[in-house]
Structure formats: C-alpha cells, structure tokens
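Trainee: Just coords-v5.pdb, nothing more (PDB, C-alpha atoms):
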ATOM      1  CA  MET A   1       1.285 -10.861 -20.417
ATOM      2  CA  ALA A   2       1.249  -8.949 -17.186
ATOM      3  CA  SER A   3       1.912  -5.254 -16.882
ATOM      4  CA  ILE A   4       5.131  -3.887 -15.443
ATOM      5  CA  SER A   5       3.311  -2.182 -12.578
ATOM      6  CA  SER A   6       4.429  -4.681  -9.929
ATOM      7  CA  TYR A   7       8.073  -4.459 -11.061
ATOM      8  CA  VAL A   8       8.373  -0.675 -11.110
ATOM      9  CA  VAL A   9      10.734   0.815  -8.539
ATOM     10  CA  ARG A  10       8.693   3.591  -6.957
ATOM     11  CA  ASP A  11      11.274   4.721  -4.409
ATOM     12  CA  VAL A  12      13.621   6.079  -7.073
ATOM     13  CA  LEU A  13      16.953   7.356  -5.851
ATOM     14  CA  GLY A  14      17.628  10.794  -7.203
ATOM     15  CA  LEU A  15      20.059  13.646  -7.026
ATOM     16  CA  ASP A  16      19.586  17.311  -7.761
ATOM     17  CA  ALA A  17      20.736  18.355 -11.214
ATOM     18  CA  ASP A  18      23.657  20.329  -9.779
ATOM     19  CA  ALA A  19      25.113  17.272  -7.993
ATOM     20  CA  THR A  20      28.456  16.145  -9.378
ATOM     21  CA  CYS A  21      29.163  13.084 -11.468
ATOM     22  CA  ARG A  22      31.336  11.823  -8.613
ATOM     23  CA  GLU A  23      28.331  11.981  -6.260
ATOM     24  CA  ALA A  24      26.252  10.026  -8.772
ATOM     25  CA  ALA A  25      28.986   7.403  -9.162
ATOM     26  CA  GLU A  26      29.359   7.077  -5.391
ATOM     27  CA  LEU A  27      25.603   6.640  -4.961
ATOM     28  CA  MET A  28      25.397   4.016  -7.719
ATOM     29  CA  SER A  29      28.399   2.156  -6.368
ATOM     30  CA  GLY A  30      27.196   2.241  -2.785
ATOM     31  CA  ARG A  31      23.678   1.052  -3.631
ATOM     32  CA  HIS A  32      24.711  -1.388  -6.396
ATOM     33  CA  ILE A  33      22.462   0.268  -8.971
ATOM     34  CA  GLY A  34      23.066   1.383 -12.536
ATOM     35  CA  ALA A  35      21.064   4.603 -12.719
ATOM     36  CA  VAL A  36      20.018   7.588 -10.635
ATOM     37  CA  ALA A  37      17.167   9.968 -11.369
ATOM     38  CA  VAL A  38      18.076  13.604 -11.929
ATOM     39  CA  LYS A  39      15.728  16.067 -10.257
ATOM     40  CA  GLN A  40      15.017  19.750 -10.709
ATOM     41  CA  GLY A  41      12.407  21.496  -8.632
ATOM     42  CA  GLY A  42      11.379  18.179  -7.111
ATOM     43  CA  ARG A  43      10.570  16.641 -10.530
ATOM     44  CA  ILE A  44      12.490  13.899 -12.313
ATOM     45  CA  VAL A  45      13.914  15.453 -15.485
ATOM     46  CA  GLY A  46      16.229  12.682 -16.639
ATOM     47  CA  LEU A  47      18.537   9.819 -15.735
ATOM     48  CA  ILE A  48      22.256   9.488 -15.221
ATOM     49  CA  THR A  49      23.597   5.972 -15.750
ATOM     50  CA  GLU A  50      26.918   4.217 -15.399
ATOM     51  CA  ARG A  51      27.168   4.231 -19.177
ATOM     52  CA  ASP A  52      26.568   8.002 -19.271
ATOM     53  CA  LEU A  53      29.422   8.558 -16.837
ATOM     54  CA  VAL A  54      31.755   6.536 -19.048
ATOM     55  CA  THR A  55      30.682   7.861 -22.461
ATOM     56  CA  ARG A  56      29.921  11.482 -21.610
ATOM     57  CA  ILE A  57      32.428  12.247 -18.855
ATOM     58  CA  LEU A  58      35.375   9.847 -18.586
ATOM     59  CA  SER A  59      35.891   9.177 -22.301
ATOM     60  CA  ARG A  60      35.951  12.920 -22.983
ATOM     61  CA  GLY A  61      38.405  13.657 -20.189
ATOM     62  CA  LEU A  62      35.910  15.771 -18.283
ATOM     63  CA  ASP A  63      36.208  16.338 -14.550
ATOM     64  CA  CYS A  64      34.286  14.226 -12.027
ATOM     65  CA  GLN A  65      33.014  17.500 -10.560
ATOM     66  CA  THR A  66      30.973  18.100 -13.716
ATOM     67  CA  PRO A  67      27.283  18.529 -12.800
ATOM     68  CA  ILE A  68      25.144  15.519 -13.697
ATOM     69  CA  LEU A  69      22.872  17.868 -15.618
ATOM     70  CA  GLU A  70      25.585  17.971 -18.307
ATOM     71  CA  ALA A  71      25.891  14.178 -18.553
ATOM     72  CA  MET A  72      22.346  12.950 -18.024
ATOM     73  CA  ARG A  73      20.004  11.549 -20.630
ATOM     74  CA  ARG A  74      16.948  13.671 -21.258
ATOM     75  CA  ASP A  75      15.521  11.421 -23.952
ATOM     76  CA  VAL A  76      14.611   8.424 -21.786
ATOM     77  CA  PRO A  77      10.933   7.741 -22.452
ATOM     78  CA  VAL A  78       8.346   8.022 -19.704
ATOM     79  CA  VAL A  79       6.024   5.045 -20.076
ATOM     80  CA  GLY A  80       2.805   4.095 -18.355
ATOM     81  CA  PRO A  81       2.666   1.261 -15.814
ATOM     82  CA  ASP A  82       0.296  -0.698 -18.069
ATOM     83  CA  LEU A  83       3.017  -1.671 -20.585
ATOM     84  CA  ASN A  84       4.157  -5.284 -20.697
ATOM     85  CA  GLU A  85       7.714  -6.584 -20.707
ATOM     86  CA  VAL A  86       7.905  -7.001 -24.488
ATOM     87  CA  GLU A  87       6.834  -3.410 -25.071
ATOM     88  CA  CYS A  88       9.429  -2.225 -22.541
ATOM     89  CA  ALA A  89      12.193  -4.307 -24.118
ATOM     90  CA  THR A  90      11.285  -2.922 -27.541
ATOM     91  CA  LEU A  91      11.445   0.673 -26.271
ATOM     92  CA  MET A  92      14.743   0.033 -24.506
ATOM     93  CA  LYS A  93      16.239  -1.307 -27.715
ATOM     94  CA  LYS A  94      14.851   1.562 -29.787
ATOM     95  CA  HIS A  95      16.183   4.222 -27.396
ATOM     96  CA  GLU A  96      19.421   2.354 -26.618
ATOM     97  CA  THR A  97      18.837   2.388 -22.881
ATOM     98  CA  ARG A  98      18.631  -0.129 -20.065
ATOM     99  CA  HIS A  99      16.183   1.957 -18.047
ATOM    100  CA  LEU A 100      12.784   3.519 -18.597
ATOM    101  CA  LEU A 101      11.068   6.109 -16.475
ATOM    102  CA  VAL A 102       7.539   5.142 -15.456
ATOM    103  CA  GLY A 103       4.758   7.592 -14.720
ATOM    104  CA  ASP A 104       1.526   9.159 -15.795
ATOM    105  CA  GLU A 105       0.989  11.988 -18.275
ATOM    106  CA  GLY A 106       4.727  12.423 -18.881
ATOM    107  CA  ALA A 107       5.590  12.942 -15.195
ATOM    108  CA  ALA A 108       7.988  10.244 -13.996
ATOM    109  CA  SER A 109       7.402   8.666 -10.604
ATOM    110  CA  GLY A 110       9.187   5.339 -11.033
ATOM    111  CA  LEU A 111      11.832   3.392 -12.897
ATOM    112  CA  ILE A 112      12.132  -0.008 -14.529
ATOM    113  CA  SER A 113      15.407  -1.565 -15.606
ATOM    114  CA  MET A 114      16.322  -4.186 -18.168
ATOM    115  CA  ARG A 115      17.019  -6.521 -15.243
ATOM    116  CA  ASP A 116      13.396  -6.099 -14.106
ATOM    117  CA  VAL A 117      12.129  -6.753 -17.628
ATOM    118  CA  MET A 118      14.245  -9.895 -17.924
ATOM    119  CA  GLN A 119      12.942 -11.119 -14.560
ATOM    120  CA  MET A 120       9.381 -10.639 -15.793
ATOM    121  CA  MET A 121      10.120 -12.581 -18.956
ATOM    122  CA  LEU A 122      11.710 -15.429 -17.001
ATOM    123  CA  SER A 123       8.801 -15.540 -14.538
ATOM    124  CA  ASP A 124       6.301 -15.736 -17.394
ATOM    125  CA  LYS A 125       8.242 -18.565 -19.039
ATOM    126  CA  GLN A 126       8.552 -20.461 -15.753
ATOM    127  CA  TYR A 127       4.795 -20.189 -15.189
ATOM    128  CA  LEU A 128       4.139 -21.507 -18.694
ATOM    129  CA  ILE A 129       6.524 -24.433 -18.157
ATOM    130  CA  GLU A 130       4.820 -25.345 -14.888
ATOM    131  CA  GLN A 131       1.384 -25.185 -16.511
ATOM    132  CA  MET A 132       2.523 -27.421 -19.377
ATOM    133  CA  GLN A 133       4.084 -29.916 -16.978
ATOM    134  CA  SER A 134       0.847 -30.082 -14.981
ATOM    135  CA  TYR A 135      -1.152 -30.611 -18.162
ATOM    136  CA  ILE A 136       1.176 -33.367 -19.419
ATOM    137  CA  GLN A 137       1.170 -35.122 -16.033
ATOM    138  CA  GLY A 138      -2.620 -34.955 -15.874
ATOM    139  CA  TYR A 139      -3.086 -32.717 -12.858
TER     140      TYR A 139
END
Once more with this new file: its structure as structure tokens, please.

Mentor:
Amino acid sequence: MASISSYVVRDVLGLDADATCREAAELMSGRHIGAVAVKQGGRIVGLITERDLVTRILSRGLDCQTPILEAMRRDVPVVGPDLNEVECATLMKKHETRHLLVGDEGAASGLISMRDVMQMMLSDKQYLIEQMQSYIQGY
C-alpha cells in the first residue's frame, strides 16, 4: 500500500480563529469543500467542518456570527504523511471525522479527506485488477 503523501492537500484553506461561522460556511460553499483549517498565530489549531456548523451552531440555535473557535474540532488527529489509506480510514472511523490533519511532530501542514482516502483505495484496486487481467491474458 502506498502512503498518503501524494494525496495530501498542502495548500490548506484556513481562517483565523476569530472568523465567524458564516465566513467559514461561505468559504466552504464557494470552494466546494467540506472543511477549513482554523489558525491562530499562523499555526493550524483545528478544523471547522460542515458537520460542525450543523451540530455545534445551527442545531443549538447559535448565531452565524459565532467565532469558529467556538465550533471547531480540536481533537482531529495530526498524522504523518507515511500512513496508508487503511490506517487513515481506521483513524477517521475511531475519531468520527471525515478529515485528518497531516504534518510532522504534531504541527499540521496539510489535510486529507475521506474522499481522498476512498480515491486511493479505488486506485489500488484498479491497479490490482489490471495486473490480474494482464496475468490471466498472458502479457
């Protein structure tokens, strides 16, 4: 299995922690993404996702002007780029998230989503199918 390093999004979109939930929603909607990094002092300190906006803001009747710092997830693991797709999927399930932060020594510098992990799994399966077809056909 290959590592996730080639699937990691390194140009992570982020907002300062004092940005509003509305700003986060507008950014996600405009870019067709499901998560935005939350930054403080230039460092990624968490993630705000579509699900967070629904479960932590809208469902509680909170205002869209609430800072994302109050709605973000701080418990998203930071994983190394050497993990494979199965390890990522396992962590996502364990932490009930569709995104993982990627970095070195606990400092996040990238992001991988469940969509990326699924694409890796499909690519691996397609490669295996092609190899088996070549073997069966005698090439």

Trainee: Find the spatial neighbours of Leu27 of chain A, counting all atoms listed in the file, within a cut-off of 12 Å - ignore same-chain residues fewer than 5 positions away - and output them as a list in words.

Mentor: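 Here the qualifying residues turn out to be Leu13, Gly14, Leu15, Ala19, Thr20, Cys21, Arg22, His32, Ile33, Gly34, Ala35, Val36, Ala37, Ile48, Thr49 and Glu50 of chain A.
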
Trainee: Work out how far apart atom CA of Ala71 of chain A and atom CA of Leu53 of chain A are and give it in Å to one decimal.

Mentor: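 These two atoms are separated by 6.9 Å.
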
Trainee: Using the chain letters and residue numbers of this document, give as JSON, numbers by chain the residues selected by the PyMOL selection byres ((chain A and resi 67) around 10).

Mentor: {"A": [16, 17, 18, 19, 20, 21, 22, 23, 24, 63, 64, 65, 66, 68, 69, 70, 71, 72]}

Trainee: When you look at Met114 of chain A with a cut-off of 10 Å (counting only C-alpha atoms), what residues show up, excluding the ones that are within fewer than 5 positions of it in the same chain? I need them as a ChimeraX atom specification.

Mentor: /A:85,88-89,92-93,97-100,119-120

Trainee: Write out, as a tab-separated table (two decimals), in the frame of the given file, the residues just selected, with C-alpha atoms.

Mentor:
chain	number	residue	atom	x	y	z
A	85	GLU	CA	7.71	-6.58	-20.71
A	88	CYS	CA	9.43	-2.22	-22.54
A	89	ALA	CA	12.19	-4.31	-24.12
A	92	MET	CA	14.74	0.03	-24.51
A	93	LYS	CA	16.24	-1.31	-27.72
A	97	THR	CA	18.84	2.39	-22.88
A	98	ARG	CA	18.63	-0.13	-20.07
A	99	HIS	CA	16.18	1.96	-18.05
A	100	LEU	CA	12.78	3.52	-18.60
A	119	GLN	CA	12.94	-11.12	-14.56
A	120	MET	CA	9.38	-10.64	-15.79

Trainee: What are the nearest atom pairs, with distances in Å to one decimal, for all residues of segment 24-117 of chain A that come at most 12 Å from segment 124-130 of chain A, using only C-alpha atoms, set out by chain and rising residue number as a Markdown table?

Mentor:
| residue | atom | partner | partner_atom | distance |
| --- | --- | --- | --- | --- |
| A:Asn84 | CA | A:Asp124 | CA | 11.2 |
| A:Glu85 | CA | A:Asp124 | CA | 9.8 |
| A:Val86 | CA | A:Asp124 | CA | 11.4 |
| A:Val117 | CA | A:Asp124 | CA | 10.7 |
